[in-house]
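Visitor: Hey, dropping data_9.cif in here, mmCIF, C-alpha atoms:
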```
data_work
#
loop_
_atom_site.group_PDB
_atom_site.id
_atom_site.type_symbol
_atom_site.label_atom_id
_atom_site.label_comp_id
_atom_site.auth_asym_id
_atom_site.auth_seq_id
_atom_site.Cartn_x
_atom_site.Cartn_y
_atom_site.Cartn_z
ATOM 1 C CA MET A 1 7.494 -6.637 -8.501
ATOM 2 C CA THR A 2 6.377 -7.233 -4.967
ATOM 3 C CA SER A 3 3.429 -6.461 -2.733
ATOM 4 C CA LEU A 4 3.014 -3.361 -0.586
ATOM 5 C CA ASP A 5 3.155 -5.358 2.658
ATOM 6 C CA LEU A 6 6.741 -6.447 1.838
ATOM 7 C CA LEU A 7 8.044 -2.956 1.050
ATOM 8 C CA SER A 8 10.636 -1.825 3.605
ATOM 9 C CA PRO A 9 10.102 1.374 5.611
ATOM 10 C CA GLN A 10 11.293 4.549 3.861
ATOM 11 C CA ARG A 11 11.142 2.798 0.453
ATOM 12 C CA SER A 12 8.976 4.112 -2.357
ATOM 13 C CA ALA A 13 7.261 2.170 -5.103
ATOM 14 C CA ALA A 14 4.642 2.679 -7.783
ATOM 15 C CA ILE A 15 1.378 0.779 -7.500
ATOM 16 C CA THR A 16 1.016 -1.411 -10.578
ATOM 17 C CA ALA A 17 -2.098 -3.458 -9.753
ATOM 18 C CA LEU A 18 -4.779 -4.017 -7.142
ATOM 19 C CA ARG A 19 -5.340 -7.784 -6.908
ATOM 20 C CA MET A 20 -8.551 -7.932 -4.897
ATOM 21 C CA ALA A 21 -12.321 -7.775 -5.158
ATOM 22 C CA ALA A 22 -13.641 -4.898 -7.257
ATOM 23 C CA ARG A 23 -15.309 -3.249 -4.250
ATOM 24 C CA GLU A 24 -12.093 -3.164 -2.218
ATOM 25 C CA ALA A 25 -10.088 -1.940 -5.216
ATOM 26 C CA ALA A 26 -12.607 0.853 -5.854
ATOM 27 C CA TRP A 27 -12.350 1.945 -2.213
ATOM 28 C CA LEU A 28 -8.529 2.058 -2.364
ATOM 29 C CA ARG A 29 -8.650 4.093 -5.579
ATOM 30 C CA ALA A 30 -11.140 6.500 -3.960
ATOM 31 C CA ILE A 31 -8.746 7.204 -1.083
ATOM 32 C CA GLY A 32 -5.793 7.716 -3.428
ATOM 33 C CA LEU A 33 -4.184 4.266 -3.622
ATOM 34 C CA GLY A 34 -4.605 3.359 -7.269
ATOM 35 C CA GLU A 35 -2.473 2.230 -10.171
ATOM 36 C CA GLY A 36 0.290 4.683 -11.040
ATOM 37 C CA VAL A 37 0.415 6.266 -7.583
ATOM 38 C CA THR A 38 3.771 6.330 -5.810
ATOM 39 C CA VAL A 39 3.550 5.144 -2.223
ATOM 40 C CA THR A 40 6.163 5.317 0.559
ATOM 41 C CA VAL A 41 5.999 3.105 3.644
ATOM 42 C CA LEU A 42 6.693 5.348 6.630
ATOM 43 C CA ARG A 43 6.446 2.673 9.319
ATOM 44 C CA ARG A 44 5.036 -0.753 10.049
ATOM 45 C CA ALA A 45 2.936 -1.352 13.161
ATOM 46 C CA PRO A 46 4.151 -4.264 15.289
ATOM 47 C CA LEU A 47 2.428 -7.633 15.504
ATOM 48 C CA GLY A 48 1.054 -7.545 11.960
ATOM 49 C CA GLY A 49 -0.678 -4.190 12.401
ATOM 50 C CA PRO A 50 -1.290 -1.686 9.612
ATOM 51 C CA LEU A 51 1.251 0.065 7.433
ATOM 52 C CA HIS A 52 1.555 3.846 7.710
ATOM 53 C CA VAL A 53 2.068 5.087 4.150
ATOM 54 C CA ARG A 54 2.331 8.372 2.269
ATOM 55 C CA VAL A 55 1.020 8.654 -1.283
ATOM 56 C CA SER A 56 2.519 10.887 -3.970
ATOM 57 C CA GLY A 57 -0.182 13.522 -3.374
ATOM 58 C CA GLY A 58 1.024 13.918 0.224
ATOM 59 C CA ALA A 59 -1.803 12.165 2.068
ATOM 60 C CA GLU A 60 -0.846 9.748 4.847
ATOM 61 C CA LEU A 61 -2.923 6.624 5.397
ATOM 62 C CA ALA A 62 -2.998 3.475 7.487
ATOM 63 C CA VAL A 63 -3.420 0.374 5.326
ATOM 64 C CA ASP A 64 -4.390 -2.994 6.751
ATOM 65 C CA ARG A 65 -1.523 -5.449 6.286
ATOM 66 C CA ASP A 66 -3.814 -8.133 4.795
ATOM 67 C CA LEU A 67 -5.134 -5.649 2.238
ATOM 68 C CA ALA A 68 -1.575 -4.454 1.463
ATOM 69 C CA ARG A 69 -0.669 -8.034 0.462
ATOM 70 C CA HIS A 70 -2.924 -7.584 -2.573
ATOM 71 C CA VAL A 71 -1.438 -4.265 -3.702
ATOM 72 C CA GLU A 72 1.244 -4.988 -6.303
ATOM 73 C CA VAL A 73 4.085 -2.462 -6.456
ATOM 74 C CA GLU A 74 7.282 -1.896 -8.411
ATOM 75 C CA ALA A 75 10.240 -0.167 -6.742
ATOM 76 C CA ALA A 76 10.722 3.411 -7.882
#
```
Mind converting the file's structure to structure tokens?
Guide:
Amino acid sequence: MTSLDLLSPQRSAAITALRMAAREAAWLRAIGLGEGVTVTVLRRAPLGGPLHVRVSGGAELAVDRDLARHVEVEAA
């Protein structure tokens, strides 16, 4: 297992846990980034910027790199 911020571009993984405050975790689940969802990193912004990801439902999102450090994933 690793965290979403360490996932290489074009790699997919399943979200296994959200290791953060309940409010932040609830927000991520509401936008489609919850446990069991497959996520693919499309690209990483330079200088520690956000990750551009696609979730299994097809939505594309920008995720803050600091927040992505607390999203635990397992390679698919």
Visitor: Taking 5 positions as the minimum chain separation for residues in the same chain, which residues sit within 9 Å of segment 67-70 of chain A when counting only C-alpha atoms? Answer as an mmCIF file with C-alpha atoms, in the coordinates of the input.
Guide:
```cif
data_model
loop_
_atom_site.group_PDB
_atom_site.id
_atom_site.type_symbol
_atom_site.label_atom_id
_atom_site.label_comp_id
_atom_site.auth_asym_id
_atom_site.auth_seq_id
_atom_site.Cartn_x
_atom_site.Cartn_y
_atom_site.Cartn_z
ATOM 1 C CA THR A 2 6.377 -7.233 -4.967
ATOM 2 C CA SER A 3 3.429 -6.461 -2.733
ATOM 3 C CA LEU A 4 3.014 -3.361 -0.586
ATOM 4 C CA ASP A 5 3.155 -5.358 2.658
ATOM 5 C CA LEU A 6 6.741 -6.447 1.838
ATOM 6 C CA ALA A 17 -2.098 -3.458 -9.753
ATOM 7 C CA LEU A 18 -4.779 -4.017 -7.142
ATOM 8 C CA ARG A 19 -5.340 -7.784 -6.908
ATOM 9 C CA MET A 20 -8.551 -7.932 -4.897
ATOM 10 C CA GLU A 24 -12.093 -3.164 -2.218
ATOM 11 C CA PRO A 50 -1.290 -1.686 9.612
ATOM 12 C CA LEU A 51 1.251 0.065 7.433
#
```
Visitor: Let me make sure I understand: among A:Arg65, A:Val71, A:Gly48, A:Val41, which one has the smallest atom-to-atom distance to Ser12 of chain A if we use all atoms listed in the file?
Guide: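 Using all atoms listed in the file, Ser12 of chain A sits closest to A:Val41.
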Visitor: List every protein, DNA or RNA residue that has an atom no more than 12 Å from (8.9, 5.6, -0.3) in the file's coordinate frame, counting only C-alpha atoms, and report them as a ChimeraX atom specification.
Guide: /A:4,7-15,37-43,52-56,58,60,73-76
Visitor: Step by step, gather every atom of segment 4-21 of chain A that the file lists, find the box along x, y and z that holds them, add 6 Å on each side, and finally give centre and edge lengths in Å to one decimal, as AutoDock Vina command-line options.
Guide:
```
--center_x -0.5 --center_y -1.7 --center_z -2.5 --size_x 35.6 --size_y 24.5 --size_z 28.2
```
Visitor: What does the distance between atom CA of Asp66 of chain A and atom CA of Arg23 of chain A come to in Å, to one decimal place?
Guide: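 Atom CA of Arg23 of chain A lies 15.4 Å from atom CA of Asp66 of chain A.
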Visitor: By how many Å are atom CA of Thr16 of chain A and atom CA of Glu72 of chain A apart?
Guide: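 Atom-to-atom, atom CA of Thr16 of chain A to atom CA of Glu72 of chain A, that is 5.6 Å.
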